[in-house]
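Okay, model_26.csv is below, CSV, N, CA and C atoms and all ligand atoms:
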chain,number,residue,atom,x,y,z
A,1,MET,N,34.5,73.9,-26.2
A,1,MET,CA,35.1,73.1,-25.2
A,1,MET,C,36.6,72.8,-25.5
A,2,PRO,N,37.5,73.1,-24.7
A,2,PRO,CA,38.9,72.8,-25.0
A,2,PRO,C,39.2,71.3,-24.9
A,3,THR,N,40.0,70.9,-25.8
A,3,THR,CA,40.4,69.5,-25.7
A,3,THR,C,41.9,69.5,-25.5
A,4,ASN,N,42.3,69.5,-24.2
A,4,ASN,CA,43.7,69.5,-23.9
A,4,ASN,C,44.2,68.2,-23.2
A,5,LEU,N,43.4,67.2,-23.5
A,5,LEU,CA,43.8,65.9,-22.9
A,5,LEU,C,45.0,65.3,-23.7
A,6,PRO,N,45.9,64.6,-23.0
A,6,PRO,CA,47.0,64.0,-23.8
A,6,PRO,C,46.5,62.9,-24.7
A,7,LEU,N,47.1,62.9,-25.9
A,7,LEU,CA,46.6,61.9,-26.9
A,7,LEU,C,46.8,60.5,-26.4
A,8,LYS,N,47.8,60.2,-25.7
A,8,LYS,CA,48.1,58.9,-25.2
A,8,LYS,C,46.9,58.3,-24.4
A,9,GLU,N,46.4,59.2,-23.6
A,9,GLU,CA,45.2,58.7,-22.8
A,9,GLU,C,44.0,58.6,-23.6
A,10,MET,N,43.9,59.5,-24.6
A,10,MET,CA,42.7,59.5,-25.4
A,10,MET,C,42.5,58.2,-26.2
A,11,THR,N,43.6,57.6,-26.6
A,11,THR,CA,43.5,56.4,-27.3
A,11,THR,C,42.9,55.3,-26.4
A,12,LEU,N,43.3,55.3,-25.2
A,12,LEU,CA,42.9,54.3,-24.2
A,12,LEU,C,41.4,54.5,-23.9
A,13,GLU,N,41.1,55.8,-23.7
A,13,GLU,CA,39.8,56.1,-23.2
A,13,GLU,C,38.8,56.6,-24.3
A,14,GLU,N,39.2,56.4,-25.5
A,14,GLU,CA,38.4,57.0,-26.5
A,14,GLU,C,37.0,56.6,-26.6
A,15,LYS,N,36.7,55.4,-26.0
A,15,LYS,CA,35.3,55.0,-26.0
A,15,LYS,C,34.5,55.9,-25.1
A,16,LEU,N,35.1,56.4,-24.1
A,16,LEU,CA,34.4,57.2,-23.2
A,16,LEU,C,35.2,58.5,-22.8
A,17,ALA,N,35.1,59.5,-23.6
A,17,ALA,CA,35.9,60.7,-23.4
A,17,ALA,C,35.1,61.7,-22.5
A,18,ALA,N,33.9,61.5,-22.3
A,18,ALA,CA,33.1,62.4,-21.5
A,18,ALA,C,31.9,61.7,-20.8
A,19,CYS,N,31.5,62.2,-19.7
A,19,CYS,CA,30.4,61.7,-19.0
A,19,CYS,C,29.1,61.8,-19.8
A,20,PRO,N,28.4,60.7,-20.1
A,20,PRO,CA,27.2,60.8,-20.9
A,20,PRO,C,26.1,61.5,-20.2
A,21,SER,N,26.2,61.7,-18.9
A,21,SER,CA,25.2,62.4,-18.1
A,21,SER,C,25.3,63.9,-18.1
A,22,CYS,N,26.6,64.3,-17.8
A,22,CYS,CA,26.8,65.8,-17.6
A,22,CYS,C,27.8,66.3,-18.5
A,23,GLY,N,28.5,65.4,-19.3
A,23,GLY,CA,29.5,65.9,-20.2
A,23,GLY,C,30.8,66.2,-19.7
A,24,ASN,N,31.0,65.9,-18.4
A,24,ASN,CA,32.3,66.1,-17.8
A,24,ASN,C,33.4,65.3,-18.4
A,25,ARG,N,34.5,65.9,-18.8
A,25,ARG,CA,35.5,65.2,-19.5
A,25,ARG,C,36.5,64.6,-18.5
A,26,ASN,N,36.3,64.7,-17.3
A,26,ASN,CA,37.2,64.1,-16.3
A,26,ASN,C,36.8,62.8,-15.9
A,27,ILE,N,35.8,62.2,-16.5
A,27,ILE,CA,35.3,60.9,-16.1
A,27,ILE,C,36.5,59.9,-16.2
A,28,LYS,N,36.6,59.1,-15.2
A,28,LYS,CA,37.8,58.2,-15.3
A,28,LYS,C,37.5,56.8,-14.9
A,29,LYS,N,38.4,56.0,-15.3
A,29,LYS,CA,38.3,54.5,-15.1
A,29,LYS,C,38.7,54.2,-13.7
A,30,VAL,N,37.9,53.5,-13.0
A,30,VAL,CA,38.3,53.1,-11.6
A,30,VAL,C,38.1,51.6,-11.5
A,31,ARG,N,38.7,51.0,-10.5
A,31,ARG,CA,38.6,49.6,-10.3
A,31,ARG,C,38.4,49.4,-8.8
A,32,ARG,N,37.2,49.0,-8.4
A,32,ARG,CA,37.0,48.7,-7.0
A,32,ARG,C,35.8,47.8,-6.8
A,33,ASN,N,35.6,47.4,-5.6
A,33,ASN,CA,34.5,46.5,-5.4
A,33,ASN,C,33.2,47.3,-5.6
A,34,TRP,N,32.3,46.7,-6.4
A,34,TRP,CA,31.1,47.3,-6.8
A,34,TRP,C,29.9,46.7,-6.2
A,35,THR,N,29.0,47.4,-5.6
A,35,THR,CA,27.8,46.9,-5.0
A,35,THR,C,26.6,47.3,-5.7
A,36,GLY,N,25.8,46.3,-6.1
A,36,GLY,CA,24.5,46.6,-6.7
A,36,GLY,C,23.4,45.9,-6.0
A,37,SER,N,22.2,46.2,-6.4
A,37,SER,CA,21.1,45.5,-5.7
A,37,SER,C,20.1,45.2,-6.8
A,38,PHE,N,19.4,44.1,-6.6
A,38,PHE,CA,18.4,43.6,-7.4
A,38,PHE,C,17.2,43.1,-6.6
A,39,LYS,N,16.1,43.8,-6.8
A,39,LYS,CA,14.9,43.4,-6.0
A,39,LYS,C,15.2,43.4,-4.5
A,40,GLY,N,15.9,44.4,-4.0
A,40,GLY,CA,16.2,44.4,-2.6
A,40,GLY,C,17.4,43.5,-2.2
A,41,LYS,N,17.9,42.7,-3.1
A,41,LYS,CA,18.9,41.8,-2.8
A,41,LYS,C,20.3,42.4,-3.2
A,42,ARG,N,21.2,42.5,-2.2
A,42,ARG,CA,22.4,43.2,-2.6
A,42,ARG,C,23.4,42.1,-3.1
A,43,TYR,N,24.2,42.5,-4.0
A,43,TYR,CA,25.3,41.6,-4.4
A,43,TYR,C,26.5,42.5,-4.8
A,44,MET,N,27.6,41.8,-4.7
A,44,MET,CA,28.9,42.6,-4.9
A,44,MET,C,29.7,42.0,-6.1
A,45,VAL,N,30.2,42.8,-6.9
A,45,VAL,CA,31.2,42.4,-7.9
A,45,VAL,C,32.6,42.9,-7.5
A,46,PRO,N,33.4,42.0,-7.1
A,46,PRO,CA,34.7,42.4,-6.6
A,46,PRO,C,35.6,42.9,-7.7
A,47,ASN,N,36.3,44.0,-7.4
A,47,ASN,CA,37.4,44.4,-8.3
A,47,ASN,C,36.8,44.7,-9.7
A,48,LEU,N,35.7,45.4,-9.8
A,48,LEU,CA,35.1,45.7,-11.1
A,48,LEU,C,35.7,47.0,-11.6
A,49,GLN,N,35.9,46.9,-12.9
A,49,GLN,CA,36.5,48.1,-13.6
A,49,GLN,C,35.3,48.8,-14.3
A,50,TYR,N,35.2,50.1,-14.0
A,50,TYR,CA,34.2,50.9,-14.7
A,50,TYR,C,34.6,52.4,-14.7
A,51,TYR,N,33.8,53.2,-15.3
A,51,TYR,CA,34.1,54.6,-15.4
A,51,TYR,C,33.2,55.3,-14.4
A,52,GLU,N,33.8,56.3,-13.7
A,52,GLU,CA,33.0,57.0,-12.8
A,52,GLU,C,33.2,58.5,-12.9
A,53,CYS,N,32.1,59.3,-13.0
A,53,CYS,CA,32.2,60.7,-13.1
A,53,CYS,C,32.4,61.3,-11.7
A,54,PRO,N,33.5,62.1,-11.5
A,54,PRO,CA,33.7,62.7,-10.2
A,54,PRO,C,32.7,63.9,-10.0
A,55,ASP,N,32.0,64.3,-11.0
A,55,ASP,CA,31.1,65.4,-10.9
A,55,ASP,C,29.7,65.0,-10.5
A,56,CYS,N,29.1,64.1,-11.2
A,56,CYS,CA,27.7,63.8,-10.9
A,56,CYS,C,27.6,62.4,-10.4
A,57,GLY,N,28.7,61.6,-10.4
A,57,GLY,CA,28.7,60.3,-9.8
A,57,GLY,C,28.1,59.2,-10.7
A,58,GLU,N,28.0,59.6,-12.0
A,58,GLU,CA,27.5,58.7,-13.0
A,58,GLU,C,28.5,57.5,-13.2
A,59,LYS,N,28.0,56.3,-13.2
A,59,LYS,CA,28.8,55.2,-13.4
A,59,LYS,C,28.5,54.6,-14.8
A,60,VAL,N,29.6,54.3,-15.5
A,60,VAL,CA,29.4,53.8,-16.9
A,60,VAL,C,30.3,52.5,-17.0
A,61,TYR,N,29.7,51.5,-17.6
A,61,TYR,CA,30.3,50.2,-17.7
A,61,TYR,C,30.6,49.9,-19.1
A,62,ASP,N,31.8,49.3,-19.3
A,62,ASP,CA,32.0,48.9,-20.7
A,62,ASP,C,31.6,47.4,-20.8
A,63,ARG,N,31.8,46.9,-22.0
A,63,ARG,CA,31.3,45.5,-22.2
A,63,ARG,C,31.8,44.5,-21.2
A,64,ASP,N,33.0,44.6,-20.9
A,64,ASP,CA,33.5,43.6,-19.9
A,64,ASP,C,32.9,43.8,-18.5
A,65,GLY,N,32.7,45.1,-18.2
A,65,GLY,CA,32.1,45.4,-16.9
A,65,GLY,C,30.7,44.9,-16.8
A,66,MET,N,30.0,45.1,-17.9
A,66,MET,CA,28.6,44.6,-17.9
A,66,MET,C,28.5,43.1,-17.7
A,67,ARG,N,29.5,42.4,-18.4
A,67,ARG,CA,29.5,41.0,-18.2
A,67,ARG,C,29.8,40.5,-16.8
A,68,GLU,N,30.7,41.3,-16.2
A,68,GLU,CA,31.1,41.0,-14.8
A,68,GLU,C,29.8,41.1,-13.9
A,69,ILE,N,29.1,42.2,-14.2
A,69,ILE,CA,28.0,42.5,-13.4
A,69,ILE,C,26.9,41.4,-13.6
A,70,GLU,N,26.7,41.1,-14.8
A,70,GLU,CA,25.7,40.0,-15.2
A,70,GLU,C,26.1,38.7,-14.5
A,71,ALA,N,27.4,38.4,-14.5
A,71,ALA,CA,27.8,37.2,-14.0
A,71,ALA,C,27.5,37.1,-12.5
A,72,HIS,N,27.4,38.2,-11.8
A,72,HIS,CA,27.2,38.2,-10.4
A,72,HIS,C,25.8,38.5,-10.0
A,73,SER,N,25.0,39.1,-10.9
A,73,SER,CA,23.7,39.6,-10.6
A,73,SER,C,22.7,38.5,-10.5
A,74,PRO,N,21.8,38.5,-9.5
A,74,PRO,CA,20.8,37.5,-9.4
A,74,PRO,C,19.8,37.7,-10.6
A,75,ALA,N,19.8,38.9,-11.2
A,75,ALA,CA,18.8,39.1,-12.3
A,75,ALA,C,19.2,38.3,-13.5
A,76,PHE,N,20.4,37.9,-13.6
A,76,PHE,CA,20.8,37.2,-14.8
A,76,PHE,C,21.2,35.8,-14.5
A,77,GLU,N,20.9,35.4,-13.3
A,77,GLU,CA,21.3,34.0,-12.9
A,77,GLU,C,20.7,33.0,-13.9
A,78,ARG,N,19.5,33.1,-14.2
A,78,ARG,CA,18.8,32.1,-15.1
A,78,ARG,C,19.4,32.1,-16.5
A,79,MET,N,19.9,33.2,-16.9
A,79,MET,CA,20.3,33.3,-18.3
A,79,MET,C,21.6,32.4,-18.6
A,80,HIS,N,22.4,32.3,-17.6
A,80,HIS,CA,23.5,31.4,-17.8
A,80,HIS,C,23.8,30.6,-16.5
A,81,PRO,N,23.1,29.6,-16.3
A,81,PRO,CA,23.2,28.8,-15.1
A,81,PRO,C,24.5,28.1,-15.0
A,82,LYS,N,25.1,28.2,-13.8
A,82,LYS,CA,26.3,27.5,-13.5
A,82,LYS,C,27.4,27.7,-14.5
A,83,ARG,N,27.4,28.7,-15.3
A,83,ARG,CA,28.4,28.9,-16.2
A,83,ARG,C,29.4,29.9,-15.7
A,84,ARG,N,30.6,29.5,-15.6
A,84,ARG,CA,31.7,30.4,-15.1
A,84,ARG,C,32.7,30.7,-16.2
A,85,SER,N,32.9,31.9,-16.5
A,85,SER,CA,34.0,32.2,-17.4
A,85,SER,C,35.2,32.6,-16.6
A,86,ALA,N,36.3,32.4,-17.2
A,86,ALA,CA,37.6,32.7,-16.5
A,86,ALA,C,37.8,34.2,-16.4
B,1,ZN,ZN,28.9,63.4,-14.9

Would you write out, as structure tokens, the structure that this file holds?
Ligand SMILES: [Zn+2]
Amino acid sequence: MPTNLPLKEMTLEEKLAACPSCGNRNIKKVRRNWTGSFKGKRYMVPNLQYYECPDCGEKVYDRDGMREIEAHSPAFERMHPKRRSA
């Protein structure tokens, strides 16, 4: 597999250089409103940053992204009640 990605970008994206699902190296960081659902209940995380594979549609979240999702998800509501981080 050829690695002709610019080094500059590799340092930023080194955590996720390829799609974990299909191996596509074009997976890229996006930032948009993200909608998820939990037990049929929909919720939105505005302006979430995550990685999306243009090939298979796989979405990958980094630590910050996971925390954002958890902060909005009804699934995690009980784990940190009324706690808001800036
Ligand atoms: Zn993929």

### Task
Name the residues in contact with segment 54-56 of chain A at a cut-off of 9 Å, using only C-alpha atoms, excluding same-chain residues fewer than 6 positions from it; report them as a PyMOL selection string.
chain A and resi 19+21-22+24+26-28

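The gap separating atom C of Glu58 of chain A from atom CA of Arg25 of chain A is 12.2 Å, in Å to one decimal.
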
### Task
Measure the distance from atom CA of Pro46 of chain A to atom C of Arg31 of chain A in Å and round it to one decimal.
8.2 Å

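In this structure, atom C of Lys39 of chain A sits 10.8 Å away from atom C of Ser73 of chain A.
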
### Message
List as a PyMOL selection string the protein and nucleic acid residues near Gly65 of chain A, meaning an atom at most 9 Å away when only C-alpha atoms are counted, but skip any in the same chain fewer than 5 places from it.
### Response
chain A and resi 48-50+60+70

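If all atoms listed in the file are the atoms counted, then among A:Leu16, A:Glu52, A:Tyr43, A:Arg63 the closest residue to Val30 of chain A is A:Glu52.
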
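Of the residues under consideration (A:Gly57, A:Lys41, A:Asp64, A:Asn33), A:Gly57 shows the shortest atom-to-atom contact distance to ligand ZN 1 (chain B) when counting all atoms listed in the file.
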
### Task
Using all atoms listed in the file, find the one residue out of A:Arg42, A:Arg67, A:Lys29, A:Lys59 that sits nearest to ligand ZN 1 (chain B).
A:Lys59

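DSSP on the backbone gives alpha helix (DSSP H) for these parts of segment 3-69 of chain A: A:Leu7, A:Lys8, A:Glu9, A:Met10, A:Thr11, A:Leu12, A:Glu13, A:Arg63, A:Asp64, A:Gly65, A:Met66, A:Arg67, A:Glu68, A:Ile69.
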
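Taking only C-alpha atoms into account, the protein, DNA and RNA residues within 8 Å of (25.0, 43.3, -11.2) read Thr35, Gly36, Ser37, Phe38, Tyr43, Met44, Val45, Met66, Glu68, Ile69, Glu70, Ala71, His72, Ser73, Pro74 and Ala75 of chain A.
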
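When all atoms listed in the file are used to measure the gap to ligand ZN 1 (chain B), the shortest distance among A:Cys53, A:Arg32, A:Gly40, A:Asn47 belongs to A:Cys53.
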